[in-house]
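Before any comments, here is the structure.
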Amino acid sequence: MKIKYLLSVIAIVAITKNSFAQYSQDVVRFSTFQNGSTSRIKAIGNAGTAIGGDLSSLSGNPAGLGFFTHSEFSITPEFNGSKVKSSYFGQTGNDSKNSANLSNASIVYYQRLNSPKGSDKTKGWLSINYGAGYSRTNNFYENIVYNGKNASNSISDYYAGTANNRPDDALAQWAYKDNLIDNFGTAQKPDFASTVYVPVNQTGVITRTGGQSEFDLAFGANYSNKLYLGLGVAITDIRYDYSRQFIEDGTASITANGGTTGTRTPFNSNYAQNQSTRGSGANVKLGVIYKPVEAVRLGFTFTSPTFYSISDVYAEGLATSINGKANQPNSSGDYALNYNMRTPLKLAGGAAVFIGKYGFISGDVEYIDYSTTHISSNDSYDNSSDIDAIKANYKSAINLHVGAEARVTNVFYLRGGYSQQGSPFKNNTGATDVSSDIKTVSGGIGLRFGQYYVDATYAHVTGSESFSPYLINNGNPTANFKKTNDNAFLTLGYRF
């Protein structure tokens, strides 16, 4: 016999954030940004730490600005085509999203330093060059759809577990009100459990938009055409919007008013989340490039942690229809929180070998420890659970970049590259949203016409993600996503 237990009514907005949202996964997501670059550097796998003489140095290694012997300006628009193939309980799905953005816009001013009359014009400090630029460093645009028949559990099992652990949780209250869970214990000793029969049909829809960008101010100095030093400051920006729906339909044991026995009744429920995150921050870059011999360049860059101020607005809701009749929808309203975040520092080293005037080969290695990502507590937020999650789920990672450029003629250049961005996740992670290494194969061409140049690049990006729409004690359902991005970049440049 089912005994109804009236859950206490509390301020929903104050507690609903605990249901699904995890700040730890967001702050690590915002820590995986890459250096902005022109089409030329993107074509060689972003292996630009030791190259120099490219406007990508503003976002990468500022020491590369010391190589310029003329002032220069370029602009790089981009097109991104995202495709996600899903697999969930043996069923597959596909979705895509296209977007266009400004990838890079940069300028550098060349300033030759005066040398004493009669001195060697190739010795000492020869130039200090200044630059400013905008770069897009992360893209979040993607649409995901997955669906399947779950014969093991229901999201209402999650609601029931939440009710037993935190009976005052808003989502648990909604599920109880909508008859998706019931109390099979007593008022003094409640025992909540799902009323839903399995199997159930489940569908998930995820939409992400936005990106990260930075505005760079930097200078690079040239000492004897041998040693190049650089310093840069970046003002960073985050814009991230996320929405998710999880739809479930099947049958549940519904007890009519005054009854004692449940009747197997069709139902449909839709759990929805919406999040909007905005943030701004800053970091500092220190760089050096050294030429032990004319054909070899060695580069190193230190990028400080980025210190962000974040503004986050979150809302969730649950709408349920029983036997075709809709219940009153449940909604939390907006839950707003401001907090501070610190991303990990990044160390990068690279080498480039130039083969006369015929081209070069370049390679970079980057080190990032994602477990050092930090989010600060304040009067409205206790960071302890998220800090524990960061330590438990994330690790250090290595990013690899290799590429080459061939000078086919005085006008035409051919380029190719490969990069691999290491996953920040540990092997045995408890995170609900786990991604693999991200691999990029790229290629491009360049044309030089005196003071003008045009570079075009195509990049094919692949990766995978495992996503659990809800967590229960055992048998968490998992959707697997195979992701591809086909991106195109076009740089138009002018030297003056």
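Please note that chains go A, B, ... in the order of the structure tokens, that every chain numbers its residues from 1, and that ligands are numbered from 1 in the order shown.
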Mind listing the helix (DSSP H, G or I) residues of segment 161-364 of chain A, per DSSP on the backbone, as a PyMOL selection string?
-> chain A and resi 161-165+170-177
Phe412 of chain A surroundings by only C-alpha atoms, 7 Å radius, close-in-sequence under 3 positions cut, as a PyMOL selection string = chain A and resi 407-409+446-448
What does the file look like for those residues with C-alpha atoms, as an mmCIF file, in the first residue's frame?
data_model
loop_
_atom_site.group_PDB
_atom_site.id
_atom_site.type_symbol
_atom_site.label_atom_id
_atom_site.label_comp_id
_atom_site.auth_asym_id
_atom_site.auth_seq_id
_atom_site.Cartn_x
_atom_site.Cartn_y
_atom_site.Cartn_z
ATOM 1 C CA ARG A 407 57.893 26.763 -50.901
ATOM 2 C CA VAL A 408 56.872 25.423 -54.296
ATOM 3 C CA THR A 409 57.497 28.672 -56.185
ATOM 4 C CA GLY A 446 49.565 30.189 -49.491
ATOM 5 C CA LEU A 447 49.946 32.798 -52.200
ATOM 6 C CA ARG A 448 52.341 35.770 -52.076
#
Spatial neighbours of Leu55 of chain A, 10 Å, only C-alpha atoms, chain gap at least 4 places, as a list of chain:residue names =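 Here the answer would be A:Gly36, A:Ser37, A:Thr38, A:Arg40, A:Ile41, A:Ser59, A:Gly60, A:Asn61, A:Pro62, A:Gly64, A:Leu65, A:Phe68, A:Glu72, A:Phe73, A:Ser74, A:Ile75, A:Asn104, A:Ala105, A:Ser106, A:Ile107, A:Val108, A:Gly131, A:Ala132, A:Gly133, A:Gly493.
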Export C-alpha atoms of the chosen residues as a PDB file, in the first residue's frame?
ATOM      1  CA  GLY A  36      44.638  31.722 -31.750  1.00  0.00           C
ATOM      2  CA  SER A  37      46.407  31.641 -35.099  1.00  0.00           C
ATOM      3  CA  THR A  38      46.343  32.603 -38.744  1.00  0.00           C
ATOM      4  CA  ARG A  40      49.231  29.560 -42.140  1.00  0.00           C
ATOM      5  CA  ILE A  41      49.910  28.319 -38.618  1.00  0.00           C
ATOM      6  CA  SER A  59      48.428  34.715 -29.175  1.00  0.00           C
ATOM      7  CA  GLY A  60      51.205  32.109 -29.136  1.00  0.00           C
ATOM      8  CA  ASN A  61      54.856  32.959 -28.532  1.00  0.00           C
ATOM      9  CA  PRO A  62      55.266  36.778 -28.401  1.00  0.00           C
ATOM     10  CA  GLY A  64      58.069  35.648 -32.664  1.00  0.00           C
ATOM     11  CA  LEU A  65      57.178  39.317 -33.142  1.00  0.00           C
ATOM     12  CA  PHE A  68      59.245  41.058 -38.323  1.00  0.00           C
ATOM     13  CA  GLU A  72      51.863  43.819 -41.120  1.00  0.00           C
ATOM     14  CA  PHE A  73      48.111  43.344 -40.809  1.00  0.00           C
ATOM     15  CA  SER A  74      45.854  40.338 -41.463  1.00  0.00           C
ATOM     16  CA  ILE A  75      42.291  39.173 -40.918  1.00  0.00           C
ATOM     17  CA  ASN A 104      41.855  36.189 -36.011  1.00  0.00           C
ATOM     18  CA  ALA A 105      42.596  39.844 -36.723  1.00  0.00           C
ATOM     19  CA  SER A 106      46.057  41.163 -35.904  1.00  0.00           C
ATOM     20  CA  ILE A 107      48.512  43.958 -36.569  1.00  0.00           C
ATOM     21  CA  VAL A 108      52.202  44.422 -35.779  1.00  0.00           C
ATOM     22  CA  GLY A 131      51.358  44.171 -31.877  1.00  0.00           C
ATOM     23  CA  ALA A 132      47.687  43.899 -31.034  1.00  0.00           C
ATOM     24  CA  GLY A 133      45.196  41.274 -32.086  1.00  0.00           C
ATOM     25  CA  GLY A 493      47.227  39.954 -45.235  1.00  0.00           C
TER      26      GLY A 493
END
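Between Phe496 of chain A and the residues A:Lys291, A:His70, A:Arg415, A:Arg208, the shortest atom-to-atom distance, using only C-alpha atoms, involves A:His70.
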Hey, what's within 8 Å of segment 231-240 of chain A if we count only C-alpha atoms and toss same-chain stuff fewer than 4 positions away? As a PyMOL selection string, please?
-> chain A and resi 30+58-59+62-63+140+208-220+276-287
Please produce a file of those selected residues containing N, CA and C atoms, as a CSV table (one decimal), in the first residue's frame.
chain,number,residue,atom,x,y,z
A,30,PHE,N,36.4,25.3,-19.9
A,30,PHE,CA,36.9,26.6,-20.2
A,30,PHE,C,38.5,26.7,-20.1
A,58,LEU,N,51.2,36.7,-31.6
A,58,LEU,CA,50.5,37.6,-30.6
A,58,LEU,C,49.8,36.7,-29.6
A,59,SER,N,49.2,35.6,-30.1
A,59,SER,CA,48.4,34.7,-29.2
A,59,SER,C,49.3,33.5,-28.7
A,62,PRO,N,55.1,35.4,-28.0
A,62,PRO,CA,55.3,36.8,-28.4
A,62,PRO,C,56.7,37.1,-28.9
A,63,ALA,N,57.6,36.2,-28.6
A,63,ALA,CA,59.0,36.4,-29.0
A,63,ALA,C,59.1,36.4,-30.6
A,140,PHE,N,32.3,26.3,-29.0
A,140,PHE,CA,31.4,25.4,-28.3
A,140,PHE,C,30.2,25.0,-29.2
A,208,ARG,N,24.8,23.4,-27.7
A,208,ARG,CA,25.8,24.3,-27.2
A,208,ARG,C,26.2,25.3,-28.2
A,209,THR,N,26.3,26.6,-27.7
A,209,THR,CA,26.8,27.7,-28.6
A,209,THR,C,27.8,28.5,-27.8
A,210,GLY,N,28.5,29.4,-28.5
A,210,GLY,CA,29.4,30.3,-27.9
A,210,GLY,C,30.8,29.9,-28.2
A,211,GLY,N,31.7,30.6,-27.5
A,211,GLY,CA,33.1,30.3,-27.6
A,211,GLY,C,34.0,31.2,-26.7
A,212,GLN,N,35.3,31.0,-26.8
A,212,GLN,CA,36.2,31.8,-26.0
A,212,GLN,C,37.1,32.6,-27.0
A,213,SER,N,37.5,33.8,-26.5
A,213,SER,CA,38.3,34.7,-27.4
A,213,SER,C,39.3,35.4,-26.5
A,214,GLU,N,40.2,36.1,-27.1
A,214,GLU,CA,41.2,36.9,-26.3
A,214,GLU,C,41.6,38.1,-27.2
A,215,PHE,N,41.9,39.2,-26.5
A,215,PHE,CA,42.5,40.3,-27.2
A,215,PHE,C,43.9,40.5,-26.6
A,216,ASP,N,44.9,40.5,-27.5
A,216,ASP,CA,46.3,40.4,-27.1
A,216,ASP,C,47.0,41.7,-27.4
A,217,LEU,N,47.9,42.1,-26.4
A,217,LEU,CA,48.8,43.2,-26.6
A,217,LEU,C,50.2,42.6,-26.3
A,218,ALA,N,51.2,42.8,-27.2
A,218,ALA,CA,52.4,42.1,-27.0
A,218,ALA,C,53.6,42.9,-27.7
A,219,PHE,N,54.8,42.6,-27.3
A,219,PHE,CA,56.0,43.1,-28.1
A,219,PHE,C,57.0,42.0,-28.1
A,220,GLY,N,57.8,42.1,-29.1
A,220,GLY,CA,58.9,41.2,-29.3
A,220,GLY,C,60.2,41.9,-29.7
A,276,SER,N,23.5,29.8,-19.0
A,276,SER,CA,24.2,30.9,-19.8
A,276,SER,C,25.3,31.4,-18.9
A,277,THR,N,26.5,31.3,-19.5
A,277,THR,CA,27.7,31.7,-18.7
A,277,THR,C,28.5,32.8,-19.5
A,278,ARG,N,28.9,33.8,-18.8
A,278,ARG,CA,29.7,34.9,-19.3
A,278,ARG,C,30.9,35.1,-18.4
A,279,GLY,N,32.0,35.4,-19.0
A,279,GLY,CA,33.2,35.6,-18.1
A,279,GLY,C,34.2,36.4,-18.8
A,280,SER,N,35.1,37.1,-18.0
A,280,SER,CA,36.2,37.8,-18.5
A,280,SER,C,37.4,37.6,-17.6
A,281,GLY,N,38.6,37.6,-18.2
A,281,GLY,CA,39.8,37.4,-17.4
A,281,GLY,C,41.0,37.9,-18.1
A,282,ALA,N,42.2,37.5,-17.6
A,282,ALA,CA,43.5,38.0,-18.2
A,282,ALA,C,44.6,37.0,-17.9
A,283,ASN,N,45.6,36.9,-18.7
A,283,ASN,CA,46.8,36.1,-18.5
A,283,ASN,C,48.0,36.8,-19.1
A,284,VAL,N,49.1,36.3,-18.8
A,284,VAL,CA,50.4,36.9,-19.3
A,284,VAL,C,51.2,35.8,-20.0
A,285,LYS,N,51.9,36.2,-21.1
A,285,LYS,CA,52.7,35.2,-21.8
A,285,LYS,C,54.1,35.7,-21.9
A,286,LEU,N,55.1,34.9,-21.6
A,286,LEU,CA,56.5,35.2,-21.8
A,286,LEU,C,57.1,34.2,-22.8
A,287,GLY,N,57.8,34.7,-23.7
A,287,GLY,CA,58.4,33.8,-24.8
A,287,GLY,C,59.8,34.1,-25.2
In Å, how far is it from atom CA of Ile51 of chain A to atom CA of Ala352 of chain A?
-> 6.3 Å
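Taking atom CA of Thr491 of chain A and atom CA of Ser103 of chain A as the two end points, the separation is 9.3 Å.
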DSSP says strand (DSSP E or B) for which residues of segment 306-431 of chain A? Put them as a compact mmCIF listing (two decimals) with N, CA, C and O atoms, in the first residue's frame?
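So out_13.txt came out as:
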# COMPACT_ATOMS: atom_id res chain seq x y z
N PHE A 307 42.97 34.24 -14.93
CA PHE A 307 42.10 34.52 -13.79
C PHE A 307 40.80 35.13 -14.32
O PHE A 307 40.80 36.20 -14.93
N TYR A 308 39.70 34.39 -14.10
CA TYR A 308 38.40 34.77 -14.65
C TYR A 308 37.45 35.23 -13.56
O TYR A 308 37.46 34.73 -12.43
N SER A 309 36.57 36.14 -13.94
CA SER A 309 35.38 36.46 -13.18
C SER A 309 34.18 35.95 -13.99
O SER A 309 34.00 36.35 -15.14
N ILE A 310 33.40 35.05 -13.40
CA ILE A 310 32.34 34.35 -14.12
C ILE A 310 30.97 34.74 -13.60
O ILE A 310 30.75 34.85 -12.39
N SER A 311 30.03 34.93 -14.53
CA SER A 311 28.63 35.14 -14.20
C SER A 311 27.82 34.02 -14.84
O SER A 311 27.87 33.84 -16.06
N ASP A 312 27.12 33.25 -14.02
CA ASP A 312 26.41 32.06 -14.49
C ASP A 312 24.94 32.15 -14.12
O ASP A 312 24.59 32.51 -12.99
N VAL A 313 24.07 31.86 -15.08
CA VAL A 313 22.63 31.82 -14.84
C VAL A 313 22.12 30.45 -15.27
O VAL A 313 22.37 30.01 -16.41
N TYR A 314 21.44 29.77 -14.37
CA TYR A 314 21.00 28.39 -14.60
C TYR A 314 19.52 28.26 -14.27
O TYR A 314 19.01 28.91 -13.35
N ALA A 315 18.82 27.43 -15.04
CA ALA A 315 17.42 27.15 -14.75
C ALA A 315 17.12 25.72 -15.16
O ALA A 315 17.75 25.16 -16.06
N GLU A 316 16.16 25.10 -14.50
CA GLU A 316 15.73 23.76 -14.87
C GLU A 316 14.23 23.64 -14.67
O GLU A 316 13.60 24.46 -13.97
N GLY A 317 13.66 22.63 -15.31
CA GLY A 317 12.24 22.42 -15.19
C GLY A 317 11.86 20.99 -15.51
O GLY A 317 12.63 20.25 -16.14
N LEU A 318 10.69 20.58 -15.07
CA LEU A 318 10.18 19.23 -15.34
C LEU A 318 8.71 19.35 -15.73
O LEU A 318 7.90 19.93 -14.98
N ALA A 319 8.39 18.83 -16.91
CA ALA A 319 7.00 18.82 -17.39
C ALA A 319 6.58 17.38 -17.62
O ALA A 319 7.29 16.61 -18.27
N THR A 320 5.42 17.00 -17.09
CA THR A 320 4.97 15.61 -17.16
C THR A 320 3.52 15.54 -17.64
O THR A 320 2.68 16.34 -17.23
N SER A 321 3.27 14.57 -18.50
CA SER A 321 1.91 14.30 -18.96
C SER A 321 1.54 12.86 -18.57
O SER A 321 2.28 11.92 -18.88
N ILE A 322 0.42 12.70 -17.87
CA ILE A 322 -0.06 11.39 -17.45
C ILE A 322 -1.30 11.04 -18.25
O ILE A 322 -2.29 11.78 -18.24
N LYS A 325 -2.80 13.74 -20.27
CA LYS A 325 -3.20 14.96 -19.59
C LYS A 325 -1.97 15.58 -18.92
O LYS A 325 -1.33 14.95 -18.09
N ALA A 326 -1.65 16.82 -19.29
CA ALA A 326 -0.44 17.46 -18.80
C ALA A 326 -0.62 17.98 -17.38
O ALA A 326 -1.65 18.59 -17.06
N ASN A 330 6.77 22.39 -13.95
CA ASN A 330 7.57 22.84 -12.82
C ASN A 330 8.78 23.60 -13.34
O ASN A 330 9.45 23.14 -14.26
N SER A 331 9.08 24.73 -12.73
CA SER A 331 10.21 25.53 -13.19
C SER A 331 10.90 26.18 -12.00
O SER A 331 10.24 26.65 -11.07
N TYR A 335 18.60 30.83 -11.58
CA TYR A 335 19.50 30.77 -10.44
C TYR A 335 20.81 31.41 -10.90
O TYR A 335 21.49 30.90 -11.78
N ALA A 336 21.15 32.56 -10.33
CA ALA A 336 22.34 33.30 -10.75
C ALA A 336 23.45 33.16 -9.71
O ALA A 336 23.20 33.17 -8.51
N LEU A 337 24.67 33.02 -10.21
CA LEU A 337 25.82 32.92 -9.32
C LEU A 337 27.04 33.55 -9.98
O LEU A 337 27.30 33.30 -11.17
N ASN A 338 27.76 34.34 -9.24
CA ASN A 338 29.03 34.91 -9.69
C ASN A 338 30.16 34.27 -8.91
O ASN A 338 30.06 34.11 -7.68
N TYR A 339 31.22 33.88 -9.60
CA TYR A 339 32.35 33.25 -8.92
C TYR A 339 33.63 33.54 -9.69
O TYR A 339 33.61 34.01 -10.84
N ASN A 340 34.77 33.23 -9.06
CA ASN A 340 36.08 33.41 -9.67
C ASN A 340 36.69 32.06 -10.02
O ASN A 340 36.50 31.08 -9.29
N MET A 341 37.42 32.02 -11.12
CA MET A 341 37.99 30.79 -11.62
C MET A 341 39.43 31.03 -12.04
O MET A 341 39.78 32.11 -12.52
N ARG A 342 40.27 30.01 -11.85
CA ARG A 342 41.66 30.07 -12.31
C ARG A 342 41.96 28.85 -13.16
O ARG A 342 41.82 27.72 -12.72
N LYS A 346 50.27 27.05 -18.67
CA LYS A 346 50.65 26.20 -19.82
C LYS A 346 52.11 26.45 -20.18
O LYS A 346 52.54 27.61 -20.29
N LEU A 347 52.84 25.37 -20.38
CA LEU A 347 54.22 25.44 -20.82
C LEU A 347 54.31 24.82 -22.21
O LEU A 347 53.75 23.75 -22.46
N ALA A 348 54.98 25.52 -23.12
CA ALA A 348 55.11 25.03 -24.50
C ALA A 348 56.54 25.15 -24.97
O ALA A 348 57.21 26.16 -24.71
N GLY A 349 57.02 24.11 -25.62
CA GLY A 349 58.35 24.14 -26.22
C GLY A 349 58.27 23.65 -27.65
O GLY A 349 57.44 22.80 -27.99
N GLY A 350 59.10 24.21 -28.51
CA GLY A 350 59.04 23.82 -29.92
C GLY A 350 60.37 23.99 -30.62
O GLY A 350 61.28 24.67 -30.12
N ALA A 351 60.47 23.36 -31.77
CA ALA A 351 61.66 23.47 -32.60
C ALA A 351 61.24 23.52 -34.06
O ALA A 351 60.23 22.90 -34.45
N ALA A 352 61.99 24.27 -34.85
CA ALA A 352 61.74 24.36 -36.29
C ALA A 352 63.08 24.26 -37.02
O ALA A 352 64.06 24.88 -36.60
N VAL A 353 63.08 23.48 -38.09
CA VAL A 353 64.27 23.32 -38.92
C VAL A 353 63.95 23.85 -40.31
O VAL A 353 63.00 23.39 -40.96
N PHE A 354 64.73 24.84 -40.76
CA PHE A 354 64.52 25.46 -42.06
C PHE A 354 65.50 24.86 -43.08
O PHE A 354 66.70 24.74 -42.81
N GLY A 359 61.59 25.67 -47.39
CA GLY A 359 60.53 25.45 -46.42
C GLY A 359 61.08 25.07 -45.06
O GLY A 359 62.26 25.26 -44.76
N PHE A 360 60.22 24.49 -44.23
CA PHE A 360 60.63 24.12 -42.88
C PHE A 360 59.76 23.00 -42.34
O PHE A 360 58.68 22.70 -42.86
N ILE A 361 60.24 22.39 -41.26
CA ILE A 361 59.50 21.40 -40.47
C ILE A 361 59.46 21.90 -39.04
O ILE A 361 60.49 22.37 -38.52
N SER A 362 58.30 21.82 -38.40
CA SER A 362 58.14 22.37 -37.07
C SER A 362 57.39 21.41 -36.17
O SER A 362 56.52 20.65 -36.63
N GLY A 363 57.71 21.45 -34.87
CA GLY A 363 57.01 20.62 -33.89
C GLY A 363 56.95 21.29 -32.53
O GLY A 363 57.89 21.97 -32.12
N ASP A 364 55.82 21.11 -31.83
CA ASP A 364 55.62 21.69 -30.51
C ASP A 364 55.11 20.64 -29.54
O ASP A 364 54.41 19.68 -29.93
N VAL A 365 55.42 20.84 -28.26
CA VAL A 365 54.85 20.05 -27.16
C VAL A 365 54.36 21.02 -26.10
O VAL A 365 55.08 21.95 -25.72
N GLU A 366 53.12 20.82 -25.64
CA GLU A 366 52.53 21.67 -24.59
C GLU A 366 52.17 20.80 -23.38
O GLU A 366 51.70 19.67 -23.54
N TYR A 367 52.35 21.36 -22.20
CA TYR A 367 52.01 20.66 -20.96
C TYR A 367 51.00 21.50 -20.18
O TYR A 367 51.22 22.69 -19.94
N ILE A 368 49.89 20.85 -19.75
CA ILE A 368 48.85 21.51 -18.96
C ILE A 368 48.39 20.53 -17.88
O ILE A 368 48.08 19.37 -18.18
N ASP A 369 48.31 20.98 -16.65
CA ASP A 369 47.81 20.14 -15.56
C ASP A 369 46.42 20.62 -15.17
O ASP A 369 46.25 21.58 -14.42
N HIS A 374 41.04 25.82 -10.58
CA HIS A 374 40.49 26.20 -9.27
C HIS A 374 39.26 27.08 -9.45
O HIS A 374 39.20 27.93 -10.34
N ILE A 375 38.30 26.87 -8.58
CA ILE A 375 37.10 27.71 -8.52
C ILE A 375 36.93 28.14 -7.08
O ILE A 375 37.08 27.34 -6.15
N ASN A 378 32.41 31.54 -2.28
CA ASN A 378 31.96 32.86 -1.85
C ASN A 378 30.75 32.69 -0.94
O ASN A 378 30.41 31.56 -0.55
N TYR A 381 28.23 30.24 -2.49
CA TYR A 381 28.67 28.99 -3.12
C TYR A 381 29.81 28.36 -2.32
O TYR A 381 30.78 29.04 -1.95
N TYR A 394 40.29 14.78 -13.04
CA TYR A 394 41.12 15.42 -14.05
C TYR A 394 42.61 15.22 -13.78
O TYR A 394 43.03 15.00 -12.65
N SER A 396 46.91 15.85 -15.69
CA SER A 396 47.73 16.62 -16.63
C SER A 396 47.62 16.02 -18.02
O SER A 396 47.29 14.84 -18.18
N ALA A 397 47.90 16.82 -19.02
CA ALA A 397 47.79 16.36 -20.41
C ALA A 397 48.90 16.97 -21.25
O ALA A 397 49.43 18.04 -20.92
N ILE A 398 49.22 16.28 -22.32
CA ILE A 398 50.22 16.73 -23.29
C ILE A 398 49.54 17.00 -24.62
O ILE A 398 48.77 16.15 -25.11
N ASN A 399 49.81 18.16 -25.19
CA ASN A 399 49.34 18.49 -26.54
C ASN A 399 50.52 18.43 -27.50
O ASN A 399 51.60 18.96 -27.20
N LEU A 400 50.32 17.81 -28.65
CA LEU A 400 51.38 17.65 -29.65
C LEU A 400 50.98 18.35 -30.94
O LEU A 400 49.81 18.29 -31.36
N HIS A 401 51.94 19.01 -31.58
CA HIS A 401 51.71 19.72 -32.84
C HIS A 401 52.92 19.49 -33.76
O HIS A 401 54.06 19.71 -33.34
N VAL A 402 52.67 19.06 -34.99
CA VAL A 402 53.74 18.92 -35.98
C VAL A 402 53.23 19.44 -37.32
O VAL A 402 52.03 19.35 -37.62
N GLY A 403 54.14 19.99 -38.12
CA GLY A 403 53.72 20.50 -39.42
C GLY A 403 54.91 20.88 -40.28
O GLY A 403 56.07 20.89 -39.83
N ALA A 404 54.61 21.19 -41.52
CA ALA A 404 55.66 21.56 -42.48
C ALA A 404 55.10 22.50 -43.51
O ALA A 404 53.89 22.49 -43.82
N GLU A 405 55.99 23.32 -44.05
CA GLU A 405 55.65 24.22 -45.15
C GLU A 405 56.67 24.05 -46.26
O GLU A 405 57.88 23.99 -45.99
N ALA A 406 56.20 23.94 -47.50
CA ALA A 406 57.08 23.83 -48.67
C ALA A 406 56.86 25.03 -49.58
O ALA A 406 55.72 25.37 -49.91
N ARG A 407 57.96 25.65 -49.95
CA ARG A 407 57.89 26.76 -50.90
C ARG A 407 58.02 26.19 -52.30
O ARG A 407 59.11 25.87 -52.77
N PHE A 412 53.79 30.44 -54.59
CA PHE A 412 52.91 29.38 -54.09
C PHE A 412 53.59 28.57 -52.99
O PHE A 412 54.73 28.11 -53.13
N TYR A 413 52.82 28.37 -51.86
CA TYR A 413 53.30 27.60 -50.72
C TYR A 413 52.30 26.49 -50.41
O TYR A 413 51.09 26.67 -50.52
N LEU A 414 52.83 25.34 -50.01
CA LEU A 414 52.01 24.18 -49.67
C LEU A 414 52.31 23.79 -48.22
O LEU A 414 53.48 23.72 -47.81
N ARG A 415 51.24 23.49 -47.43
CA ARG A 415 51.42 23.22 -46.00
C ARG A 415 50.58 22.04 -45.55
O ARG A 415 49.53 21.74 -46.13
N GLY A 416 51.03 21.40 -44.47
CA GLY A 416 50.28 20.31 -43.86
C GLY A 416 50.67 20.13 -42.41
O GLY A 416 51.77 20.54 -41.99
N GLY A 417 49.76 19.55 -41.60
CA GLY A 417 50.09 19.39 -40.19
C GLY A 417 49.15 18.43 -39.48
O GLY A 417 48.14 17.97 -40.02
N TYR A 418 49.52 18.13 -38.24
CA TYR A 418 48.73 17.25 -37.38
C TYR A 418 48.89 17.72 -35.94
O TYR A 418 49.98 18.13 -35.53
N SER A 419 47.81 17.67 -35.18
CA SER A 419 47.89 17.99 -33.76
C SER A 419 47.00 17.05 -32.96
O SER A 419 46.02 16.51 -33.48
N GLN A 420 47.38 16.87 -31.71
CA GLN A 420 46.60 16.03 -30.80
C GLN A 420 46.52 16.72 -29.45
O GLN A 420 47.54 16.96 -28.79
N GLN A 421 45.30 17.05 -29.05
CA GLN A 421 45.06 17.70 -27.77
C GLN A 421 44.69 16.64 -26.75
O GLN A 421 43.68 15.95 -26.89
N PHE A 425 40.80 14.12 -18.79
CA PHE A 425 40.12 13.19 -17.89
C PHE A 425 41.01 12.00 -17.51
O PHE A 425 41.75 11.46 -18.33
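Of the listed residues A:Thr122, A:Ser468, A:Asn476, A:Asn80, the one whose atoms come nearest to Phe246 of chain A is A:Ser468, with distances taken using only C-alpha atoms.
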For Lys391 of chain A, list every protein, DNA or RNA residue within 10 Å, evaluated using only C-alpha atoms, and leave out those in the same chain fewer than 2 positions away; present the list as a PDB file with C-alpha atoms, in the first residue's frame.
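Output file around37.pdb is given in full below:
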ATOM      1  CA  SER A  24      33.851  21.556 -12.105  1.00  0.00           C
ATOM      2  CA  TYR A 370      44.020  20.354 -15.471  1.00  0.00           C
ATOM      3  CA  SER A 371      43.877  19.116 -11.869  1.00  0.00           C
ATOM      4  CA  THR A 372      45.189  22.550 -10.804  1.00  0.00           C
ATOM      5  CA  THR A 373      42.077  24.288 -12.130  1.00  0.00           C
ATOM      6  CA  HIS A 374      40.487  26.200  -9.270  1.00  0.00           C
ATOM      7  CA  ASP A 386      33.705  20.816  -7.125  1.00  0.00           C
ATOM      8  CA  ILE A 387      37.332  20.989  -5.931  1.00  0.00           C
ATOM      9  CA  ASP A 388      37.085  17.319  -4.907  1.00  0.00           C
ATOM     10  CA  ALA A 389      35.620  16.490  -8.329  1.00  0.00           C
ATOM     11  CA  ASN A 393      38.448  13.325 -12.339  1.00  0.00           C
ATOM     12  CA  TYR A 394      41.123  15.416 -14.053  1.00  0.00           C
ATOM     13  CA  LYS A 395      44.828  15.059 -14.753  1.00  0.00           C
ATOM     14  CA  LYS A 426      41.517  10.340 -15.831  1.00  0.00           C
TER      15      LYS A 426
END
Hey, can you check how far atom CA of Trp174 of chain A sits from atom CA of Ile206 of chain A?
->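 Atom CA of Ile206 of chain A lies at a distance of 22.1 Å from atom CA of Trp174 of chain A.
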Compile the contact shell of Ser96 of chain A as a ChimeraX atom specification: residues with an atom at most 8 Å away, counting only C-alpha atoms, same-chain residues fewer than 3 positions apart removed.
-> /A:81-84,142-144
Using only C-alpha atoms, which residue out of A:Ser87, A:Asn327, A:Ser71, A:Ser423 lies closest to Thr203 of chain A?
->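 Of all the options, A:Ser87 lies closest to Thr203 of chain A.
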Which residue out of A:Ser119, A:Asn129, A:Gly48, A:Ile155 has the minimum interatomic distance to Asn268 of chain A when only C-alpha atoms are used?
-> A:Ile155
